[in-house]
Every structure is written in structure tokens, then in C-alpha cells.
Amino acid sequence: MVFAVASACGPSSVPDVTVKFDGGDAAEASVVLDSGPDGPAFDPTIGGPCTEDSQCNDQIPCTFDRCDRTIGRCRNTPDDTQCADPIHCNGRELCVPRLGCRLGEPVTCQDGDSCTVDSCVEDTKSCTRVARDVDGDGEADDHCVAAKGTDCDDLDPLVGATKTEICGNGKDDNCNRRVDEEPCASPRDDTCSTARTVTAPSRVTLTTVAAKRDFSPVCSVGTPGASRDVVVKVDVPGTAGDPPRDLEVYATAPSGDTAVAILSACVPAGSSLACGHTKLSPEARARARSVTPGSYYVVVTTQSETTVDLAIDLLPQSAKPANEDCTAPKVVATDVPFDVELVDATKDLVSTCTSETGELTFAFTLSEPKDVTLVTSRTRGSGSVVASFREAGCTTEARCRAGSVPPLLARSLPAGTHVFSIAGTAALDANVLVRTSPPTVLPPNGSCTAPPVITHDSTVTQRLATYDEIRTGCLPGGPSAAYELVITQPSDVLLVARFPQTEQGAVSMNLPSCTEADQIVCQKDGTPARVSKRNVAPGSYRVLVHDERGENVSLGAFVRPTLAPVVVTSDGCGDAATIPATGGFFTGDTTTKGPDFPAGCDSVGATPNGANDQMMKLVLTERKRVIFDMQGSSFQTLLDIRAGATCPGIEVPDACYVGFRASRSFIDRVFDPGTYWVQIDGHAGAVGTWNLDVRMLAP
């Protein structure tokens with residue numbers, strides 16, 4: 001088996017494991033069919049004469065080629081999924097008869113409303129429309145009625161319906177069409193001249209209500225132009241000749257984005273002795289090292305008006321940690337807990353686990369092989385501890401984990417010195433234990449080397465608490481289990497992973513080596529997470545289930561011989577397309593259809609029949625487990641199953657599913673014998689192109 005890199009629709013690093021659909025001569029694909037009184041119609045899927053499939057090679061890799069013996073001609077059916085890349089926002093790639101793969105039209109998401117800022121979000125594969133907020137204060141212009149705007153001056157970030165009226169400034173700060181009315185507030189600690197003075201150590205509660213932005217420290221909140229700040233003068237007691245000490249400040253707001261800076265002089269653009277901010281965190285921390293007695297200024301910045309508790313402490317003089325990077329990791333003992341302060345560490349190392357702080361490095365030595373577990377707990381601050389074992393040389397990561405459950409495990413580390421790093425998703429202190437235990441080996445499904453085989457159309461369960469991450473890049477830090485999936489003929493593969501409702505997990509399909517470069521398809525999601533791949537070539541593959549906390553998970557692998565896509569053009573009950581008893585793969589487009597049927601899971605307040613929809617019919621003569629999967633659809637789908645001898649039937653309980661997430665609508669349940677109507681719809685008026693994979697299984 002030969003693997004090639006797909007390049008029909010632009011560069012891609014995803015391995016191409018599909019069989020090329022080839023059969024017929026494109027030059028012969030010019031059949032005109034009689035379409036009735038309106039004249040002839042051209043069917044580009046029809047090729048030359050044939051008596052068997054082998055005569056139908058059209059040299060177009062993305063068409064499904066066969067001999068249609070009912071008309072004695074080749075039929076070359078385009079399959080857009082053979083052209084699809086992993087990127088949603090660049091548009092839906094198309095398989096064009098006689099031409100092959102062509103780029104799709106990029107998703108612009110433009111709705112023609114000047115009151116919204118529209119963008120395509122790749123993570124959710126959907127459009128977002130954010131109310132226009134010119135001044136960045138979190139309130140839309142009140143001229144934008146549909147967007148529920150409340151800001152009567154969208155050029156002033158201090159004005160809005162959620163703001164407090166400020167006394168005596170001649171403005172309608174709270175947008176109630178009155179000026180300087182009671183109750184109103186006056187700024188406190190807003191400028192150098194009004195700053196209160198405290199002596200360190202101290203605790204003080206501040207408020208940024210009525211304050212404006214006066215300072216420009218080297219670090220700030222996400223939207224500095226719409227921020228507000230207050231300042232406190234801090235006196236460090238002592239006399240000349242007293243030993244220097246560290247001045248630390250810790251600002252905590254109830255919510256929102258907060259930053260804190262220590263200045264040597266109270267000037268708007270004064271240089272910061274220390275500055276602290278982590279993205280979207282209500283807590284901020286800064287430490288000015290080796291300060292002498294005198295006056296300093298602490299500037300607290302918030303994104304919106306709020307109260308802030310400020311802790312000011314004097315600590316023994318200390319130098320910035322020397323274990324910033326791989327050159328000088330701090331040596332620690334095994335099986336003895338120690339504390340880590342992430343105050344002013346800088347980012348020096350690359351990790352697949354996201355952190356907002358810098359990291360500190362540590363080293364320990366083993367005299368014999370051991371299992372090593374990094375047990376971490378946060379002792380101060382917010383966010384999660386990020387632990388990372390480093391490969392020899394330290395610059396490359398071996399494995400990582402964000403959070404303390406389950407702790408990061410490295411099995412059978414050899415005798416010698418090993419390095420790890422500690423960082424945080426926010427400013428924090430942590431307690432760390434390098435716990436050793438006798439060496440163990442990975443279970444067979446703990447790696448991709450020789451995992452157990454998962455049989456077709458079966459589901460396996462596994463607890464991942466003692467498993468390591470298999471570093472495919474699908475879910476960094478998440479424990480993983482691997483299985484071998486053997487394909488003996490071109491097949492359509494659907495993988496379904498399930499984990500606890502509160503967890504994020506992932507499912508992936510990979511080549512046998514399971515490196516990041518060998519990842520074929522991956523989906524991170526809540527339960528159930530799914531991936532599908534059509535027309536997979538015969539061979540041995542690895543399918544993996546991942547869970548962020550190492551909980552109980554399941555993985556289902558559903559495989560069938562590749563089927564040609566069926567284009568559904570029908571609209572309502574009168575011409576409803578039929579789903580065969582064997583299932584199939586269907587595509588369509590609701591854009592030009594009518595809104596014929598309501599749905600119980602559509603948004604409240606939607607128009608009576610909701611979005612444009614299409615109807616399909618399914619007749620079951622025996623009890624069946626049926627999987628409906630709408631991955632690859634271009635919009636937020638709604639799938640509604642109805643039952644009844646006549647269309648549209650009555651909605652089946654718990655069989656209406658809105659595809660809010662990137663993987664779209666999904667229904668997996670057992671149905672009794674009967675006639676069912678499958679309504680392909682859109683949530684809240686959404687329309688577009690859709691895919692529907694239907695699989696029939698034993699109940």
C-alpha cells in the first residue's frame with residue numbers, strides 16, 4: 001500500500017489513505033438525456049458504454065466509478081468528501097465531473113448587518129456574529145436594536161448601560177438619558193494626586209468604579225483602550241542601609257480580566273519594576289525584587305468596573321530563579337514534596353499543553369529504573385498546574401499534563417538524571433511531589449506498537465486512569481488507548497468515542513507509527529466525539545480514544561465497504577428520497593428548499609416551520625440499531641426522526657438532535673420495525689450543504 005500526501009485542494013500535512021476512484025474515459029462523459037418538453041438535460045455523471053465496472057475509468061480520482069447496467073453506460077459519481085481538507089473556513093471543496101477536485105468558496109459569514117462583526121470559527125466550524133462594539137467596553141451600540149445594544153456612546157468605553165453614573169462630569173455615563181443624577185459615584189485612587197498611601201505589608205480593597213485609564217504599564221488586560229485603572233502609593237518602611245526586600249502585590253477581582261504593576265515613580269508611562277497579567281484571569285501577581293526603603297506605586301488595571309482586593313507583602317530578598325530553562329534545572333529529591341512559585345518566570349520551552357505563565361525546570365536522579373509520577377496541587381492562585389517531562393537534552397517534550405488528575409506518569413524511566421518543568425494556566429503557587437514506584441510496562445493498548453485488534457462494528461471500553469498519553473497531537477496531555485483496525489477492502493470508517501459528560505476527550509485515526517505527522521483524522525469534543533473517513537484503502541491502522549482526566553471511555557469502530565454518495569434533491573413528503581435498508585451515504589443542499597416542517601429541538605421563537613428542510617424515508621422490517629451521522633455538513637444542522645405510515649409522521653422521543661458542535665448532528669439508537677421520516681433541517685434558520693451517513697447494525 002502506498003500513501004501519498006493529498007494536494008488537489010492546496011497543501012496538506014494529512015496522510016492520504018483513500019483509494020482513488022477510477023473507471024471510464026472522461027472524454028466519453030457527454031451524454032444528453034431526454035428531459036421532456038423543456039429540452040435536453042446534460043448529466044455529467046454519465047460516461048461511455050460499458051458491460052462491467054473495469055471499463056469505467058474516467059481518470060478522475062474523486063469520482064465513484066461503476067457500470068450502470070440499467071442503461072449500459074458508465075456512471076462516474078462525484079464524491080466531495082474525497083476532496084475535503086480538514087479546514088472548514090476555507091470552504092467546501094468540490095469534486096467536479098471531468099475536472100476533479102476544486103477549491104470551495106471561503107466561508108465569509110457575512111450577514112449584511114452593519115451592527116455585527118461576522119467571522120468563521122474553525123474550532124466550532126461555524127459562524128459567529130458579535131454585536132459591533134467600537135469602544136471595546138462589552139456593550140453594543142444602542143442604535144443596533146436587533147443586537148440588543150445598550151451603549152449610548154460607542155466611542156467612549158466609560159459610557160454604557162452597565163456603567164455607574166459619575167458625579168459632576170456632565171455626561172450620561174449609564175445611558176439612562178439623565179446627567180449626573182443620584183446615585184452617582186466619584187473616582188477614588190484614580191490618579192497620582194488622589195492615590196491613597198499604605199505602608200507595607202497591608203491589605204486594601206479598591207474599586208475601579210468611576211475610574212478611567214491613566215497609566216500604560218508594560219502588561220495590561222486584553223483590551224487596554226477600554227480598561228480602567230487605580231493607583232496606590234506603597235511605603236516600604238526602613239532607613240538607609242537596611243537590607244533590601246521583595247515587594248509582592250496580589251490583586252484579586254471577583255471576575256473579569258485583571259493586571260497589576262509596580263512602578264518606581266507615579267508617572268503614566270513610568271517604567272515597571274514588575275508587572276503581572278495572565279489572559280482573562282481575575283487574579284494578577286507581581287514581585288519587585290530587592291527593593292530598598294522608600295515609596296512605590298501599584299497600578300491595578302481591570303477590563304470593567306469592579307472591586308479588587310489587593311494584598312501587599314514584604315518578603316525576604318530573593319533573586320529571580322536560575323532554573324528558568326534547560327541550562328540550569330534545580331535539583332530536587334524524589335519522594336519529598338517541594339513548593340514552586342510561578343511569579344515572574346518567562347516562557348522558554350515548547351509544550352503541547354497550553355500554559356499562560358512561564359515555566360521553571362527541575363532535575364532528579366534515579367539509581368535504577370522506576371515509574372515516576374509528578375503529583376501536583378495548586379496552593380495559591382487560580383488555574384491549573386502544567387507539568388512536562390522533557391526528553392534527553394530537555395528542549396524536546398516527552399509528555400505533559402495540565403491539571404492534577406490524573407497525575408503525569410512516566411513509566412520505567414532508566415537510571416540517570418531526568419528533567420521536568422512546571423508552569424501554570426494562570427499565576428499560581430504549587431506543591432510538587434516526584435513520586436517513584438517499581439517500574440511497570442504499558443498495557444498492550446497503551447501504545448501503537450502492537451495493540452489489540454478492534455473488530456468491525458464493535459465497541460470496546462477502557463479505564464484510562466493508569467494510561468499515558470500517546471503523542472499523536474490529538475489531545476495533548478490526555479491519557480490514550482490504541483487499537484489496530486484492519487481494513488481488507490476500500491471502506492467507509494466511522495469512529496465514535498464516549499466519555500463522562502463533564503469531560504473533554506478525543507478520537508483519532510492514525511497510521512501505525514502514531515506520530516503527529518501520521519495522524520489521518522482527529523476530533524476533540526465532548527461526548528460523543530466522532531471522526532469519519534470515506535474510501536479508506538486496505539491496510540492496518542491505529543484508532544485511538546483519549547480523555548483529559550483518564551476516566552472510563554468507550555470506542556466504537558464502524559466499517560462498511562465504500563458506497564457511492566447519493567445526491568438528495570427531494571424536498572418534502574411528496575418526493576421524499578428513500579434510505580435503503582442497508583443504509584448509505586447521502587448529500588444534499590437545503591439552501592433552495594422550502595421550510596416545510598417544525599422540529600421540537602429547534603430554537604425557541606423560531607418561525608413556525610423553522611429553516612429550509614428536506615425529508616427522507618426509511619422503512620425497517622426488523623428491529624435495528626441505526627446510526628445517523630452528519631459530519632462534514634456546512635451549517636448547524638438539525639436532525640429529526642419521525643415515525644408514522646404517512647409523512648411527516650410524529651416526532652420520535654429523544655430523536656431530535658441539533659449539531660451545535662463542529663461534528664454536527666448525531667443520533668445512535670435502536671428503532672422498532674416501522675416507517676420513519678428523516679428530517680434534515682437547520683437550527684435557527686441555518687441552511688447549506690449537508691452529509692448524512694446512515695449505518696444499520698444489529699440491535
# chains A, B, ... in the order shown; residues from 1 in each chain; ligands from 1
>>> select_by_dssp(residues="region 370-497 of chain A", states="strand (DSSP E)", output="PyMOL selection string")
chain A and resi 370-381+385-390+397-402+408-413+416-424+428-437+458-463+480-487+491-497
>>> residues_around(residues="Asp118 (chain A)", least_positions_apart="4", cutoff="6 Å", atoms="only C-alpha atoms", output="ChimeraX atom specification")
/A:109-110,128-129
>>> write_last_selection(atoms="N, CA and C atoms", output="PDB file, in the first residue's frame")
ATOM      1  N   CYS A 109     -19.346  34.307   6.145  1.00  0.00           N
ATOM      2  CA  CYS A 109     -20.254  34.533   7.275  1.00  0.00           C
ATOM      3  C   CYS A 109     -20.922  35.901   7.247  1.00  0.00           C
ATOM      4  N   GLN A 110     -20.769  36.655   6.176  1.00  0.00           N
ATOM      5  CA  GLN A 110     -21.351  37.997   6.139  1.00  0.00           C
ATOM      6  C   GLN A 110     -22.871  37.922   6.096  1.00  0.00           C
ATOM      7  N   THR A 128     -19.734  33.105  13.778  1.00  0.00           N
ATOM      8  CA  THR A 128     -20.121  33.896  14.942  1.00  0.00           C
ATOM      9  C   THR A 128     -20.433  35.310  14.479  1.00  0.00           C
ATOM     10  N   ARG A 129     -21.424  35.874  15.094  1.00  0.00           N
ATOM     11  CA  ARG A 129     -21.821  37.241  14.776  1.00  0.00           C
ATOM     12  C   ARG A 129     -21.878  38.009  16.082  1.00  0.00           C
TER      13      ARG A 129
END
>>> closest_residue(among="A:Cys353, A:Val343, A:Ile650, A:Ala333", to="Arg399 (chain A)", atoms="only C-alpha atoms")
A:Cys353
>>> closest_atom_pairs(of="region 80-192 of chain A", to="region 294-310 of chain A", cutoff="12 Å", atoms="only C-alpha atoms", output="tab-separated table")
residue	atom	partner	partner_atom	distance
A:Gly136	CA	A:Gln303	CA	9.5
A:Asp137	CA	A:Ser304	CA	7.4
A:Gly138	CA	A:Ser304	CA	8.6
A:Glu139	CA	A:Ser304	CA	11.1
A:Pro157	CA	A:Ser304	CA	9.3
A:Leu158	CA	A:Ser304	CA	8.9
A:Val159	CA	A:Ser304	CA	11.2
A:Gly160	CA	A:Ser304	CA	11.1
A:Thr162	CA	A:Glu305	CA	9.2
A:Lys163	CA	A:Glu305	CA	7.5
A:Thr164	CA	A:Glu305	CA	8.4
A:Glu165	CA	A:Glu305	CA	11.7
A:Ala185	CA	A:Glu305	CA	11.7
A:Pro187	CA	A:Glu305	CA	11.0
A:Arg188	CA	A:Thr307	CA	11.5
A:Asp189	CA	A:Val299	CA	9.7
A:Asp190	CA	A:Val299	CA	9.5
A:Thr191	CA	A:Val299	CA	9.7
A:Cys192	CA	A:Tyr297	CA	8.7
>>> closest_atom_pairs(of="region 389-459 of chain A", to="region 692-697 of chain A", cutoff="12 Å", atoms="only C-alpha atoms", output="JSON lines")
{"residue": "A:His456", "atom": "CA", "partner": "A:Leu697", "partner_atom": "CA", "distance": 11.0}
{"residue": "A:Asp457", "atom": "CA", "partner": "A:Leu697", "partner_atom": "CA", "distance": 7.7}
{"residue": "A:Ser458", "atom": "CA", "partner": "A:Leu697", "partner_atom": "CA", "distance": 9.9}
>>> closest_residue(among="A:Val14, A:Leu408, A:Leu314, A:Val545", to="Pro86 (chain A)", atoms="only C-alpha atoms")
A:Val14
>>> atom_distance(atom1="CA of Ile71 (chain A)", atom2="CA of Val536 (chain A)")
29.1 Å
>>> closest_residue(among="A:Val434, A:Tyr250, A:Pro451, A:Val419", to="Thr334 (chain A)", atoms="only C-alpha atoms")
A:Val434
>>> closest_residue(among="A:Phe338, A:Phe64, A:Phe558, A:Phe671", to="Pro97 (chain A)", atoms="only C-alpha atoms")
A:Phe64
>>> decode(residues="region 642-655 of chain A", atoms="N, CA, C and O atoms", output="short mmCIF file (atom, residue, chain, number, x, y, z; two decimals), in the first residue's frame")
data_model
loop_
_atom_site.label_atom_id
_atom_site.label_comp_id
_atom_site.auth_asym_id
_atom_site.auth_seq_id
_atom_site.Cartn_x
_atom_site.Cartn_y
_atom_site.Cartn_z
N ARG A 642 -38.93 11.04 12.65
CA ARG A 642 -40.37 10.94 12.87
C ARG A 642 -40.83 9.54 12.51
O ARG A 642 -40.21 8.86 11.70
N ALA A 643 -41.94 9.12 13.10
CA ALA A 643 -42.48 7.79 12.83
C ALA A 643 -43.93 7.90 12.42
O ALA A 643 -44.68 8.73 12.93
N GLY A 644 -44.34 7.03 11.47
CA GLY A 644 -45.73 7.01 11.04
C GLY A 644 -45.85 6.52 9.62
O GLY A 644 -44.93 6.69 8.81
N ALA A 645 -46.99 5.94 9.30
CA ALA A 645 -47.20 5.40 7.96
C ALA A 645 -47.24 6.49 6.91
O ALA A 645 -46.86 6.26 5.76
N THR A 646 -47.71 7.67 7.28
CA THR A 646 -47.79 8.77 6.33
C THR A 646 -46.88 9.90 6.78
O THR A 646 -46.69 10.13 7.97
N CYS A 647 -46.34 10.60 5.82
CA CYS A 647 -45.43 11.71 6.08
C CYS A 647 -46.22 12.93 6.57
O CYS A 647 -47.32 13.19 6.08
N PRO A 648 -45.74 13.70 7.55
CA PRO A 648 -44.39 13.64 8.13
C PRO A 648 -44.28 12.78 9.38
O PRO A 648 -43.22 12.72 9.98
N GLY A 649 -45.35 12.11 9.79
CA GLY A 649 -45.29 11.28 10.99
C GLY A 649 -45.22 12.12 12.26
O GLY A 649 -45.41 13.34 12.25
N ILE A 650 -44.95 11.43 13.37
CA ILE A 650 -44.87 12.07 14.68
C ILE A 650 -43.44 11.95 15.19
O ILE A 650 -42.80 10.90 15.04
N GLU A 651 -42.92 13.01 15.80
CA GLU A 651 -41.54 13.00 16.29
C GLU A 651 -41.30 11.85 17.27
O GLU A 651 -42.09 11.63 18.19
N VAL A 652 -40.22 11.13 17.04
CA VAL A 652 -39.82 10.06 17.95
C VAL A 652 -39.18 10.70 19.18
O VAL A 652 -38.33 11.58 19.05
N PRO A 653 -39.58 10.30 20.40
CA PRO A 653 -38.96 10.90 21.60
C PRO A 653 -37.44 10.74 21.60
O PRO A 653 -36.90 9.69 21.23
N ASP A 654 -36.76 11.79 22.00
CA ASP A 654 -35.30 11.79 22.12
C ASP A 654 -34.60 11.46 20.81
O ASP A 654 -33.53 10.83 20.80
N ALA A 655 -35.19 11.85 19.70
CA ALA A 655 -34.57 11.60 18.40
C ALA A 655 -34.53 12.88 17.57
O ALA A 655 -34.64 12.84 16.34
#
